[in-house]
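Reproduced below: run-v3.txt, with compact mmCIF, C-alpha atoms.
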```txt
# COMPACT_ATOMS: atom_id res chain seq x y z
CA MET A 2 0.00 0.00 0.00
CA ALA A 3 1.40 3.36 -0.93
CA ARG A 4 2.46 5.41 2.04
CA SER A 5 3.34 8.56 0.17
CA GLU A 6 -0.20 9.86 0.03
CA GLY A 7 0.15 12.78 2.35
CA PHE A 8 0.47 10.98 5.68
CA ALA A 9 3.47 12.21 7.57
CA VAL A 10 6.08 9.65 8.53
CA GLU A 11 4.97 9.06 12.07
CA GLU A 12 6.91 5.97 13.07
CA PRO A 13 9.58 7.87 15.06
CA VAL A 14 6.82 9.85 16.76
CA ILE A 15 5.01 6.65 17.67
CA GLU A 16 8.20 5.25 19.15
CA ALA A 17 8.69 8.43 21.16
CA ILE A 18 5.13 8.15 22.46
CA GLN A 19 5.76 4.52 23.36
CA GLY A 20 8.67 5.81 25.42
CA GLY A 21 6.33 8.16 27.29
CA ASP A 22 6.94 11.42 25.40
CA ARG A 23 3.91 13.60 26.13
CA TYR A 24 4.96 16.36 23.78
CA ALA A 25 5.17 13.88 20.89
CA PHE A 26 1.73 12.59 21.83
CA SER A 27 0.30 16.10 21.88
CA GLU A 28 1.71 16.79 18.41
CA PHE A 29 0.46 13.47 17.11
CA MET A 30 -2.99 14.09 18.55
CA GLY A 31 -3.09 17.56 17.00
CA ARG A 32 -2.31 16.16 13.57
CA HIS A 33 -4.83 13.33 13.66
CA SER A 34 -7.66 14.30 15.99
CA GLY A 35 -9.64 15.74 13.06
CA TRP A 36 -9.91 12.55 11.12
CA VAL A 37 -10.38 10.51 14.27
CA ARG A 38 -13.41 12.68 15.01
CA SER A 39 -14.69 12.08 11.51
CA VAL A 40 -14.33 8.32 11.98
CA ILE A 41 -16.31 8.52 15.21
CA TYR A 42 -18.96 10.68 13.59
CA GLY A 43 -19.04 8.34 10.62
CA VAL A 44 -19.90 5.44 12.91
CA LEU A 45 -22.27 7.25 15.26
CA GLY A 46 -23.99 9.49 12.74
CA ARG A 47 -24.60 12.21 15.31
CA GLY A 48 -22.47 14.95 16.74
CA GLU A 49 -23.28 15.12 20.42
CA ALA A 50 -21.17 12.17 21.53
CA VAL A 51 -18.18 12.76 19.27
CA GLU A 52 -16.15 14.75 21.79
CA ASP A 53 -16.64 12.28 24.63
CA VAL A 54 -15.74 9.32 22.46
CA SER A 55 -12.79 11.21 21.03
CA GLN A 56 -11.42 11.73 24.54
CA GLN A 57 -11.84 8.04 25.27
CA VAL A 58 -10.08 7.13 22.05
CA TRP A 59 -7.04 9.29 22.75
CA LEU A 60 -6.81 8.03 26.29
CA MET A 61 -6.92 4.48 24.92
CA VAL A 62 -4.25 5.37 22.38
CA TRP A 63 -1.97 6.61 25.15
CA GLN A 64 -2.61 3.54 27.25
CA ARG A 65 -2.30 0.94 24.50
CA ILE A 66 0.24 2.35 22.10
CA GLY A 67 2.97 0.45 23.93
CA LYS A 68 1.46 -2.75 22.55
CA LEU A 69 1.61 -1.58 18.95
CA GLN A 70 4.38 -3.79 17.57
CA ASP A 71 4.47 -2.74 13.91
CA THR A 72 4.55 1.04 14.04
CA ARG A 73 4.10 1.24 10.25
CA ARG A 74 0.53 0.09 10.72
CA TRP A 75 -0.40 2.92 13.07
CA ARG A 76 -3.07 4.37 10.75
CA THR A 77 -5.10 1.20 10.59
CA TRP A 78 -4.55 0.66 14.31
CA LEU A 79 -5.76 4.18 15.14
CA TYR A 80 -8.73 3.87 12.78
CA ARG A 81 -9.78 0.59 14.38
CA THR A 82 -9.32 1.96 17.87
CA ALA A 83 -11.55 4.93 17.04
CA ARG A 84 -14.09 2.85 15.17
CA ASN A 85 -14.41 0.24 17.91
CA ALA A 86 -14.76 2.91 20.59
CA ALA A 87 -17.49 4.59 18.53
CA ILE A 88 -19.29 1.29 18.00
CA ASP A 89 -19.21 0.63 21.76
CA ALA A 90 -20.47 4.14 22.46
CA GLY A 91 -23.22 3.63 19.91
CA ARG A 92 -24.30 0.42 21.61
CA ASP A 93 -24.35 2.12 25.00
CA ALA A 94 -26.40 4.97 23.59
CA THR A 95 -28.83 2.53 22.00
CA ARG A 96 -29.27 0.77 25.34
CA ARG A 97 -29.87 4.09 27.07
CA ARG A 98 -32.36 5.09 24.41
CA ASP A 99 -34.15 1.79 24.82
CA ARG A 100 -34.45 2.44 28.55
CA GLN A 101 -35.76 5.93 27.90
CA SER A 102 -37.92 4.97 24.97
CA LYS A 103 -40.90 6.76 26.44
CA LEU A 104 -39.21 10.09 26.00
CA ALA A 105 -39.75 12.08 22.88
CA GLU A 106 -37.21 11.71 20.10
CA GLN A 107 -34.41 14.20 20.44
CA PRO A 108 -33.42 16.38 17.49
CA VAL A 109 -29.94 15.98 16.06
CA SER A 110 -27.52 17.94 18.17
CA VAL A 111 -25.05 20.18 16.40
CA SER A 112 -22.55 22.75 17.49
CA SER A 113 -24.07 26.15 18.06
CA PRO A 114 -24.45 28.03 14.82
CA GLY A 115 -23.21 31.57 14.45
CA PRO A 116 -25.62 34.46 15.05
CA GLU A 117 -25.48 35.37 11.38
CA ARG A 118 -27.14 32.14 10.40
CA GLY A 119 -30.73 32.65 9.39
CA LEU A 120 -33.56 30.43 10.47
CA LEU A 121 -33.87 28.82 7.05
CA ALA A 122 -30.18 28.17 6.84
CA GLU A 123 -30.22 26.60 10.27
CA GLU A 124 -33.13 24.42 9.32
CA LYS A 125 -31.26 23.32 6.21
CA HIS A 126 -28.18 22.63 8.33
CA HIS A 127 -30.26 20.37 10.57
CA GLU A 128 -31.75 18.64 7.57
CA VAL A 129 -28.39 17.94 6.04
CA LEU A 130 -26.99 16.56 9.29
CA ALA A 131 -30.09 14.45 9.78
CA ALA A 132 -29.73 13.10 6.25
CA ILE A 133 -26.09 12.25 6.87
CA GLY A 134 -27.10 10.65 10.16
CA SER A 135 -29.65 8.50 8.36
CA LEU A 136 -27.06 7.14 5.92
CA PRO A 137 -26.07 3.53 6.48
CA ALA A 138 -22.79 3.56 8.41
CA ILE A 139 -20.87 1.77 5.67
CA TYR A 140 -21.61 4.68 3.32
CA ARG A 141 -21.35 7.39 5.94
CA GLU A 142 -17.83 6.51 7.09
CA PRO A 143 -16.03 7.07 3.76
CA PHE A 144 -18.33 9.96 2.93
CA VAL A 145 -17.43 11.81 6.12
CA MET A 146 -13.73 11.06 5.66
CA ARG A 147 -13.90 12.44 2.16
CA HIS A 148 -15.84 15.59 3.05
CA VAL A 149 -14.29 16.47 6.40
CA ASN A 150 -10.69 15.55 5.72
CA GLY A 151 -10.65 15.85 1.95
CA TRP A 152 -9.01 12.45 1.69
CA SER A 153 -8.42 10.74 -1.62
CA TYR A 154 -9.96 7.38 -2.41
CA ALA A 155 -6.53 5.78 -2.00
CA ARG A 156 -6.07 7.08 1.50
CA ILE A 157 -9.59 6.16 2.60
CA ALA A 158 -9.02 2.69 1.19
CA GLU A 159 -5.72 2.39 3.01
CA VAL A 160 -7.12 3.41 6.38
CA MET A 161 -10.31 1.41 6.09
CA GLY A 162 -8.49 -1.59 4.67
CA MET A 163 -10.64 -2.03 1.57
CA PRO A 164 -10.19 -1.77 -2.22
CA MET A 165 -10.47 1.64 -3.86
CA ASP A 166 -13.36 0.43 -6.01
CA SER A 167 -15.36 -0.29 -2.87
CA VAL A 168 -14.65 3.20 -1.56
CA GLU A 169 -15.84 4.72 -4.82
CA THR A 170 -18.97 2.59 -4.85
CA ARG A 171 -19.82 3.62 -1.31
CA LEU A 172 -19.29 7.29 -2.09
CA VAL A 173 -21.55 7.06 -5.13
CA ARG A 174 -24.26 5.32 -3.12
CA ALA A 175 -23.93 7.80 -0.27
CA ARG A 176 -24.58 10.68 -2.63
CA ARG A 177 -27.46 8.86 -4.26
CA PHE A 178 -28.97 8.23 -0.85
CA LEU A 179 -28.48 11.84 0.28
CA ARG A 180 -29.95 13.15 -2.93
CA ALA A 181 -33.08 11.06 -2.46
CA THR A 182 -33.39 11.96 1.22
CA LEU A 183 -32.93 15.69 0.77
CA LYS A 184 -35.25 15.72 -2.25
CA ASP A 185 -37.99 14.12 -0.15
CA LYS A 186 -37.62 16.80 2.51
CA ALA A 187 -37.52 19.68 0.05
CA MET B 28 -30.16 2.24 -19.63
CA LYS B 29 -29.73 1.84 -15.91
CA ASP B 30 -26.07 0.87 -16.38
CA VAL B 31 -25.48 4.00 -18.46
CA GLU B 32 -27.02 6.15 -15.71
CA ASN B 33 -24.90 4.41 -13.08
CA ASN B 34 -21.80 4.95 -15.16
CA ILE B 35 -22.58 8.66 -15.57
CA GLU B 36 -23.25 8.91 -11.85
CA ARG B 37 -19.91 7.27 -11.15
CA LEU B 38 -18.09 9.62 -13.51
CA ILE B 39 -19.72 12.63 -11.91
CA VAL B 40 -18.74 11.52 -8.43
CA ARG B 41 -15.17 10.88 -9.56
CA ALA B 42 -15.05 14.33 -11.12
CA LEU B 43 -16.39 16.03 -7.99
CA ASP B 44 -13.88 14.15 -5.84
CA GLY B 45 -10.96 15.02 -8.12
CA GLU B 46 -10.34 11.35 -8.92
CA ILE B 47 -11.21 11.34 -12.60
CA ASN B 48 -8.66 10.63 -15.32
CA GLU B 49 -8.44 12.43 -18.66
CA ASP B 50 -10.33 9.84 -20.70
CA ASP B 51 -13.18 9.72 -18.23
CA GLN B 52 -13.27 13.49 -18.05
CA LEU B 53 -13.67 13.68 -21.83
CA ALA B 54 -16.44 11.10 -21.72
CA LEU B 55 -18.17 13.02 -18.95
CA ASN B 56 -17.87 16.31 -20.83
CA ARG B 57 -19.48 14.76 -23.91
CA GLU B 58 -22.28 13.42 -21.74
CA LEU B 59 -22.82 16.75 -20.03
CA ILE B 60 -23.07 18.50 -23.41
CA ARG B 61 -25.73 16.21 -24.81
CA ASN B 62 -27.59 15.08 -21.69
CA PRO B 63 -29.53 17.62 -19.58
CA ASP B 64 -30.18 14.97 -16.89
CA ALA B 65 -26.45 14.58 -16.43
CA ARG B 66 -26.09 18.34 -16.05
CA ARG B 67 -28.86 18.41 -13.48
CA LEU B 68 -27.32 15.49 -11.60
CA ILE B 69 -23.87 17.03 -11.40
CA GLU B 70 -25.38 20.27 -10.08
CA GLU B 71 -27.37 18.41 -7.43
CA PHE B 72 -24.37 16.40 -6.32
CA ARG B 73 -22.24 19.53 -6.20
CA HIS B 74 -24.86 21.23 -4.05
CA ILE B 75 -25.05 18.22 -1.73
CA ASP B 76 -21.27 18.21 -1.40
CA GLU B 77 -21.19 21.89 -0.48
CA MET B 78 -23.94 21.55 2.10
CA THR B 79 -22.54 18.44 3.71
CA ALA B 80 -19.00 19.77 3.81
CA LEU B 81 -20.25 22.95 5.51
CA ALA B 82 -22.44 21.11 8.02
CA LEU B 83 -19.81 18.51 8.86
CA GLY B 84 -17.05 21.10 9.06
CA GLU B 85 -19.00 23.12 11.61
CA THR B 86 -19.86 20.03 13.60
CA LEU B 87 -16.46 18.40 13.71
CA ASN B 88 -13.64 20.80 13.03
CA ASN B 89 -13.97 23.55 15.60
CA ASP B 90 -12.65 21.74 18.66
CA PRO B 91 -9.29 21.99 20.38
CA LEU B 92 -7.22 18.96 21.36
CA PRO B 93 -9.46 16.36 22.94
CA LEU B 94 -7.09 15.69 25.87
CA ASP B 95 -4.70 17.63 28.03
CA VAL B 96 -1.52 15.57 27.92
CA ALA B 97 -0.48 16.83 31.36
CA ASP B 98 -3.35 14.84 32.87
CA LEU B 99 -2.31 11.57 31.30
CA PRO B 100 -0.91 8.83 33.51
CA ASP B 101 2.76 7.93 33.19
CA GLN B 102 3.49 5.30 30.54
CA ARG B 103 5.60 3.31 32.97
CA ALA B 104 2.76 3.35 35.48
CA ILE B 105 0.46 1.95 32.79
CA GLN B 106 2.87 -0.84 31.93
CA ASP B 107 3.34 -1.70 35.63
CA SER B 108 -0.33 -1.32 36.42
CA PRO B 109 -1.83 -4.00 38.69
CA ARG B 110 -3.87 -5.29 35.76
CA ASN B 111 -0.77 -5.95 33.68
CA ILE B 112 1.08 -7.47 36.66
CA HIS B 113 -1.96 -9.63 37.31
CA ARG B 114 -1.83 -10.90 33.72
CA THR B 115 1.90 -11.61 33.94
CA TRP B 116 1.42 -13.44 37.23
CA TRP B 117 -1.21 -15.67 35.69
CA LEU B 118 1.07 -16.38 32.77
CA ALA B 119 3.78 -17.57 35.18
CA VAL B 120 1.30 -19.73 37.09
CA GLY B 121 0.06 -21.18 33.83
CA ALA B 122 3.58 -22.04 32.73
CA VAL B 123 4.37 -23.79 36.03
CA ALA B 124 1.10 -25.71 35.91
CA ALA B 125 1.77 -26.80 32.33
CA GLY B 126 5.25 -27.97 33.32
CA LEU B 127 3.90 -30.00 36.22
CA LEU B 128 1.22 -31.52 34.06
CA ALA B 129 3.78 -32.49 31.43
CA ALA B 130 6.02 -34.09 34.07
CA VAL B 131 3.16 -36.06 35.62
CA SER B 132 1.91 -37.17 32.20
CA ALA B 133 5.36 -38.30 31.13
CA ARG B 134 5.81 -40.29 34.33
CA TYR B 135 2.43 -41.92 34.05
CA PHE B 136 2.49 -42.78 30.37
CA VAL B 137 6.10 -43.95 30.29
CA SER B 138 6.42 -45.81 33.60
CA ALA B 139 3.04 -47.35 34.22
CA PRO B 140 2.84 -49.84 31.30
CA ALA B 141 6.42 -50.97 31.81
CA GLN B 142 5.77 -51.70 35.47
CA SER B 143 2.63 -53.64 34.72
CA ILE B 144 4.42 -55.83 32.21
CA VAL B 145 7.39 -56.47 34.47
CA ALA B 146 5.05 -57.28 37.33
CA ASN B 147 3.73 -60.22 35.32
CA ASN B 148 7.04 -61.91 35.86
CA THR B 149 7.95 -61.22 39.45
CA ALA B 150 10.96 -63.48 39.41
CA GLN B 151 12.48 -61.59 36.55
CA ALA B 152 11.46 -58.30 38.04
CA SER B 153 13.13 -59.07 41.34
CA ARG B 154 16.28 -60.25 39.62
CA VAL B 155 16.43 -57.17 37.50
CA GLN B 156 15.73 -54.82 40.34
CA HIS B 157 18.38 -56.18 42.66
CA ILE B 158 21.36 -55.78 40.41
CA PRO B 159 23.66 -53.35 42.16
CA PRO B 160 25.02 -50.59 40.03
CA LEU B 161 28.55 -50.83 38.83
CA SER B 162 31.06 -48.71 40.60
CA PRO B 163 33.06 -46.37 38.40
CA SER B 164 36.20 -47.71 40.03
CA TYR B 165 35.34 -51.31 39.23
CA HIS B 166 38.11 -53.38 37.70
CA PRO B 167 37.59 -56.93 36.48
CA GLN B 168 40.73 -58.13 38.19
CA ASP B 169 39.26 -57.10 41.54
CA ASP B 170 36.64 -59.79 41.14
CA VAL B 171 39.28 -62.26 40.16
CA VAL B 172 41.26 -61.51 43.26
CA ARG B 173 38.20 -61.43 45.47
CA ASN B 174 36.85 -64.72 44.21
CA ALA B 175 40.11 -66.59 43.93
CA GLY B 176 40.16 -69.68 46.09
CA MET B 177 36.54 -69.28 47.11
CA ASN B 178 35.00 -70.25 43.87
CA ASN B 179 36.13 -72.14 40.83
CA LYS B 180 34.22 -69.72 38.67
CA PRO B 181 36.03 -66.45 38.98
CA ARG B 182 33.92 -63.51 37.91
CA ILE B 183 36.08 -61.32 35.84
CA LYS B 184 33.63 -59.06 33.97
CA ARG B 185 30.22 -57.70 34.65
CA SER B 186 28.34 -55.05 32.74
CA ALA B 187 24.81 -53.72 32.90
CA GLY B 188 22.60 -51.61 30.70
CA ARG B 189 19.04 -50.72 29.94
CA ASP B 190 17.11 -51.10 26.71
CA ALA B 191 13.88 -49.26 26.02
CA PHE B 192 11.46 -49.83 23.19
CA GLY B 193 7.79 -49.49 22.32
CA VAL B 194 5.52 -52.41 21.58
CA MET B 195 2.06 -52.39 20.07
CA GLY B 196 -0.20 -54.49 22.29
CA ASP B 197 -3.14 -56.61 21.23
CA ASP B 198 -5.45 -54.04 22.74
CA GLY B 199 -4.17 -51.40 20.34
CA ASN B 200 -2.20 -49.49 22.96
CA ILE B 201 1.48 -48.81 22.60
CA TYR B 202 3.49 -49.97 25.63
CA TRP B 203 6.83 -48.56 26.58
CA ILE B 204 9.11 -51.32 27.81
CA GLU B 205 12.35 -50.85 29.62
CA VAL B 206 14.56 -53.87 30.13
CA ASP B 207 17.54 -53.94 32.44
CA ARG B 208 20.23 -56.32 31.19
CA VAL B 209 23.29 -57.69 32.91
CA TRP B 210 26.18 -59.65 31.43
CA THR B 211 28.46 -61.51 33.70
CA LEU B 212 31.45 -63.35 32.30
CA LYS B 213 32.39 -65.98 34.82
CA LYS B 214 35.10 -67.90 33.05
CA ALA B 215 38.19 -66.59 31.42
CA ARG B 216 38.85 -67.74 27.89
CA PRO B 217 41.61 -70.27 27.59
CA GLY B 218 44.91 -68.48 27.19
CA THR B 219 43.70 -65.23 28.70
CA VAL B 220 46.21 -63.82 31.10
CA LEU B 221 44.54 -62.61 34.23
CA GLY B 222 46.14 -59.52 35.48
CA ARG B 223 46.08 -55.88 34.71
CA SER B 224 44.79 -56.32 31.21
CA SER B 225 41.24 -57.13 30.17
CA GLU B 226 42.27 -57.78 26.59
CA GLY B 227 40.22 -60.35 24.75
CA LEU B 228 37.18 -60.06 26.89
```
Structure encoded using structure tokens:
Amino acid sequence: MARSEGFAVEEPVIEAIQGGDRYAFSEFMGRHSGWVRSVIYGVLGRGEAVEDVSQQVWLMVWQRIGKLQDTRRWRTWLYRTARNAAIDAGRDATRRRDRQSKLAEQPVSVSSPGPERGLLAEEKHHEVLAAIGSLPAIYREPFVMRHVNGWSYARIAEVMGMPMDSVETRLVRARRFLRATLKDKA
Amino acid sequence: MKDVENNIERLIVRALDGEINEDDQLALNRELIRNPDARRLIEEFRHIDEMTALALGETLNNDPLPLDVADLPDQRAIQDSPRNIHRTWWLAVGAVAAGLLAAVSARYFVSAPAQSIVANNTAQASRVQHIPPLSPSYHPQDDVVRNAGMNNKPRIKRSAGRDAFGVMGDDGNIYWIEVDRVWTLKKARPGTVLGRSSEGL
């Protein structure tokens, strides 16, 4: 798999972190927390839990990075760590929702919009996030990686461990799904 | 017709994602010129991309570092944490238990059948078991000297050994048999000079 596609060479940084270097960890986290958030969002499909899960993921990374033997595979390792944490968080949230099923359905939570945003724009923003949230997770994950991080198909394929054709197919289907969903709401 | 639409859809998505090659771009351009549905589709997809990128960017990209590294526990403390020590301890216990089990199994499976076979012939067993081991300082001439005058059969050489082999029994089991053997030469060959040398024995 090509490693030249924009990922920095992180192996020495990983080894420094394994040796307990907090500064190296902070730098590493700064470089990769964006796409880790997008992975979590891609799995969960909603924004309110992303920060909590992201904290858990980075704490896990710090605690478990000593066991990462092949430092060249850190991207896949980090992706899987984030994805598994998000899946666990999703299960917990589902259980909680089941317990509180009598409560009214909550609207999709988003970060607070700026004051300049009009009511219509905000409504559209909610609609778009709800449509993304309603995507099947297998389409949402690569779609979010592509649109948040601007990643190429090759890099998405590398991190997710799948062929590029599959990435392309999922991105096409995600757009088809979003088009249909947003058209219905319009 | 459906395949053509899917292919156009795929080309549009590739173009929007910056993944299209020159040949595909030319094909897409031709399609966009002659097909109004393709033009409408690319506009809709472009609009969706803009909206989703904006919404996702606002939701995900405005946060600082998720963790303050100063609050993290020390790496060495994590590696020496009670949980990890607990795991290591269990590994050691497991290794010792496996060793003991192997030793007991070896003793049982190797010794038990041999003993049961030998026990069928108690006379042989007792004879075999009561052979004293040879002393490293044993010399044949010592026996000659010791037995001279007491016995007309001077014992001049004795050796012992043990053979081990497996035998398939009628019951289908494989039995491990160990046989102790002893050779005692009680008469010197004619012409053998008894003395310091054990030549010709």
Per-residue nearest contacts chain B to chain A, cut-off 12 Å, using only C-alpha atoms, as a tab-separated table:
```
residue	atom	partner	partner_atom	distance
B:Glu32	CA	A:Arg177	CA	11.8
B:Asn33	CA	A:Val173	CA	9.0
B:Asn34	CA	A:Val173	CA	10.3
B:Ile35	CA	A:Val173	CA	10.6
B:Glu36	CA	A:Val173	CA	7.2
B:Arg37	CA	A:Val173	CA	6.2
B:Leu38	CA	A:Val173	CA	9.4
B:Ile39	CA	A:Val173	CA	9.0
B:Val40	CA	A:Val173	CA	6.2
B:Arg41	CA	A:Glu169	CA	7.8
B:Ala42	CA	A:Val173	CA	11.4
B:Leu43	CA	A:Val173	CA	10.7
B:Asp44	CA	A:Ser153	CA	7.7
B:Gly45	CA	A:Ser153	CA	8.2
B:Glu46	CA	A:Ser153	CA	7.6
B:Ile47	CA	A:Tyr154	CA	11.0
B:Arg67	CA	A:Arg180	CA	11.8
B:Leu68	CA	A:Arg180	CA	9.4
B:Ile69	CA	A:Arg176	CA	10.9
B:Glu70	CA	A:Arg180	CA	11.1
B:Glu71	CA	A:Arg180	CA	7.4
B:Phe72	CA	A:Arg176	CA	6.8
B:Arg73	CA	A:Arg176	CA	9.8
B:His74	CA	A:Arg180	CA	9.6
B:Ile75	CA	A:Arg180	CA	7.2
B:Asp76	CA	A:His148	CA	7.5
B:Glu77	CA	A:His148	CA	9.0
B:Met78	CA	A:Val129	CA	7.0
B:Thr79	CA	A:Val129	CA	6.3
B:Ala80	CA	A:His148	CA	5.3
B:Leu81	CA	A:His126	CA	8.4
B:Ala82	CA	A:His126	CA	5.9
B:Leu83	CA	A:Val149	CA	6.4
B:Gly84	CA	A:Val149	CA	6.0
B:Glu85	CA	A:Ser112	CA	6.9
B:Thr86	CA	A:Ser112	CA	5.5
B:Leu87	CA	A:Arg38	CA	6.6
B:Asn88	CA	A:Gly35	CA	6.5
B:Asn89	CA	A:Ser112	CA	8.8
B:Asp90	CA	A:Glu52	CA	8.4
B:Pro91	CA	A:Gly31	CA	8.3
B:Leu92	CA	A:Gly31	CA	6.2
B:Pro93	CA	A:Gln56	CA	5.3
B:Leu94	CA	A:Gln56	CA	6.0
B:Asp95	CA	A:Ser27	CA	8.1
B:Val96	CA	A:Arg23	CA	6.0
B:Ala97	CA	A:Arg23	CA	7.6
B:Asp98	CA	A:Arg23	CA	10.0
B:Leu99	CA	A:Leu60	CA	7.6
B:Pro100	CA	A:Gln64	CA	8.4
B:Asp101	CA	A:Gly21	CA	6.9
B:Gln102	CA	A:Gly21	CA	5.2
B:Arg103	CA	A:Gly21	CA	7.5
B:Ala104	CA	A:Gln64	CA	9.8
B:Ile105	CA	A:Gln64	CA	6.5
B:Gln106	CA	A:Gly67	CA	8.1
B:Asp107	CA	A:Gln64	CA	11.5
B:Ser108	CA	A:Gln64	CA	10.6
B:Asn111	CA	A:Arg65	CA	11.6
```
Please, could you write that set of residues out with C-alpha atoms as a PDB file, in the frame of the given file?
```pdb
ATOM      1  CA  GLU B  32     -27.020   6.150 -15.710  1.00  0.00           C
ATOM      2  CA  ASN B  33     -24.900   4.410 -13.080  1.00  0.00           C
ATOM      3  CA  ASN B  34     -21.800   4.950 -15.160  1.00  0.00           C
ATOM      4  CA  ILE B  35     -22.580   8.660 -15.570  1.00  0.00           C
ATOM      5  CA  GLU B  36     -23.250   8.910 -11.850  1.00  0.00           C
ATOM      6  CA  ARG B  37     -19.910   7.270 -11.150  1.00  0.00           C
ATOM      7  CA  LEU B  38     -18.090   9.620 -13.510  1.00  0.00           C
ATOM      8  CA  ILE B  39     -19.720  12.630 -11.910  1.00  0.00           C
ATOM      9  CA  VAL B  40     -18.740  11.520  -8.430  1.00  0.00           C
ATOM     10  CA  ARG B  41     -15.170  10.880  -9.560  1.00  0.00           C
ATOM     11  CA  ALA B  42     -15.050  14.330 -11.120  1.00  0.00           C
ATOM     12  CA  LEU B  43     -16.390  16.030  -7.990  1.00  0.00           C
ATOM     13  CA  ASP B  44     -13.880  14.150  -5.840  1.00  0.00           C
ATOM     14  CA  GLY B  45     -10.960  15.020  -8.120  1.00  0.00           C
ATOM     15  CA  GLU B  46     -10.340  11.350  -8.920  1.00  0.00           C
ATOM     16  CA  ILE B  47     -11.210  11.340 -12.600  1.00  0.00           C
ATOM     17  CA  ARG B  67     -28.860  18.410 -13.480  1.00  0.00           C
ATOM     18  CA  LEU B  68     -27.320  15.490 -11.600  1.00  0.00           C
ATOM     19  CA  ILE B  69     -23.870  17.030 -11.400  1.00  0.00           C
ATOM     20  CA  GLU B  70     -25.380  20.270 -10.080  1.00  0.00           C
ATOM     21  CA  GLU B  71     -27.370  18.410  -7.430  1.00  0.00           C
ATOM     22  CA  PHE B  72     -24.370  16.400  -6.320  1.00  0.00           C
ATOM     23  CA  ARG B  73     -22.240  19.530  -6.200  1.00  0.00           C
ATOM     24  CA  HIS B  74     -24.860  21.230  -4.050  1.00  0.00           C
ATOM     25  CA  ILE B  75     -25.050  18.220  -1.730  1.00  0.00           C
ATOM     26  CA  ASP B  76     -21.270  18.210  -1.400  1.00  0.00           C
ATOM     27  CA  GLU B  77     -21.190  21.890  -0.480  1.00  0.00           C
ATOM     28  CA  MET B  78     -23.940  21.550   2.100  1.00  0.00           C
ATOM     29  CA  THR B  79     -22.540  18.440   3.710  1.00  0.00           C
ATOM     30  CA  ALA B  80     -19.000  19.770   3.810  1.00  0.00           C
ATOM     31  CA  LEU B  81     -20.250  22.950   5.510  1.00  0.00           C
ATOM     32  CA  ALA B  82     -22.440  21.110   8.020  1.00  0.00           C
ATOM     33  CA  LEU B  83     -19.810  18.510   8.860  1.00  0.00           C
ATOM     34  CA  GLY B  84     -17.050  21.100   9.060  1.00  0.00           C
ATOM     35  CA  GLU B  85     -19.000  23.120  11.610  1.00  0.00           C
ATOM     36  CA  THR B  86     -19.860  20.030  13.600  1.00  0.00           C
ATOM     37  CA  LEU B  87     -16.460  18.400  13.710  1.00  0.00           C
ATOM     38  CA  ASN B  88     -13.640  20.800  13.030  1.00  0.00           C
ATOM     39  CA  ASN B  89     -13.970  23.550  15.600  1.00  0.00           C
ATOM     40  CA  ASP B  90     -12.650  21.740  18.660  1.00  0.00           C
ATOM     41  CA  PRO B  91      -9.290  21.990  20.380  1.00  0.00           C
ATOM     42  CA  LEU B  92      -7.220  18.960  21.360  1.00  0.00           C
ATOM     43  CA  PRO B  93      -9.460  16.360  22.940  1.00  0.00           C
ATOM     44  CA  LEU B  94      -7.090  15.690  25.870  1.00  0.00           C
ATOM     45  CA  ASP B  95      -4.700  17.630  28.030  1.00  0.00           C
ATOM     46  CA  VAL B  96      -1.520  15.570  27.920  1.00  0.00           C
ATOM     47  CA  ALA B  97      -0.480  16.830  31.360  1.00  0.00           C
ATOM     48  CA  ASP B  98      -3.350  14.840  32.870  1.00  0.00           C
ATOM     49  CA  LEU B  99      -2.310  11.570  31.300  1.00  0.00           C
ATOM     50  CA  PRO B 100      -0.910   8.830  33.510  1.00  0.00           C
ATOM     51  CA  ASP B 101       2.760   7.930  33.190  1.00  0.00           C
ATOM     52  CA  GLN B 102       3.490   5.300  30.540  1.00  0.00           C
ATOM     53  CA  ARG B 103       5.600   3.310  32.970  1.00  0.00           C
ATOM     54  CA  ALA B 104       2.760   3.350  35.480  1.00  0.00           C
ATOM     55  CA  ILE B 105       0.460   1.950  32.790  1.00  0.00           C
ATOM     56  CA  GLN B 106       2.870  -0.840  31.930  1.00  0.00           C
ATOM     57  CA  ASP B 107       3.340  -1.700  35.630  1.00  0.00           C
ATOM     58  CA  SER B 108      -0.330  -1.320  36.420  1.00  0.00           C
ATOM     59  CA  ASN B 111      -0.770  -5.950  33.680  1.00  0.00           C
TER      60      ASN B 111
END
```
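In this structure, CA of Asp166 (chain A) sits 16.0 Å away from CA of Arg141 (chain A).
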message: Please compute the CA of Met61 (chain A)-CA of Ile88 (chain A) distance, one decimal, in Å.
response: 14.5 Å
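Interatomic distance, CA of Arg84 (chain A) against CA of Pro143 (chain A): 12.3 Å.
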- request: May I have the protein, DNA and RNA residues with an atom at most 8 Å from (25.6, -55.9, 28.1), counting all atoms listed in the file in the file's coordinates, returned as number ranges by chain?
  value: B: 186-188, 208-210
Give the centre and edge lengths of an axis-aligned box, in Å to one decimal, that holds all listed atoms of region 45-50 of chain B with 6 Å on each side, as JSON.
```
{"center_x": -9.8, "center_y": 12.4, "center_z": -14.4, "size_x": 14.8, "size_y": 17.2, "size_z": 24.6}
```
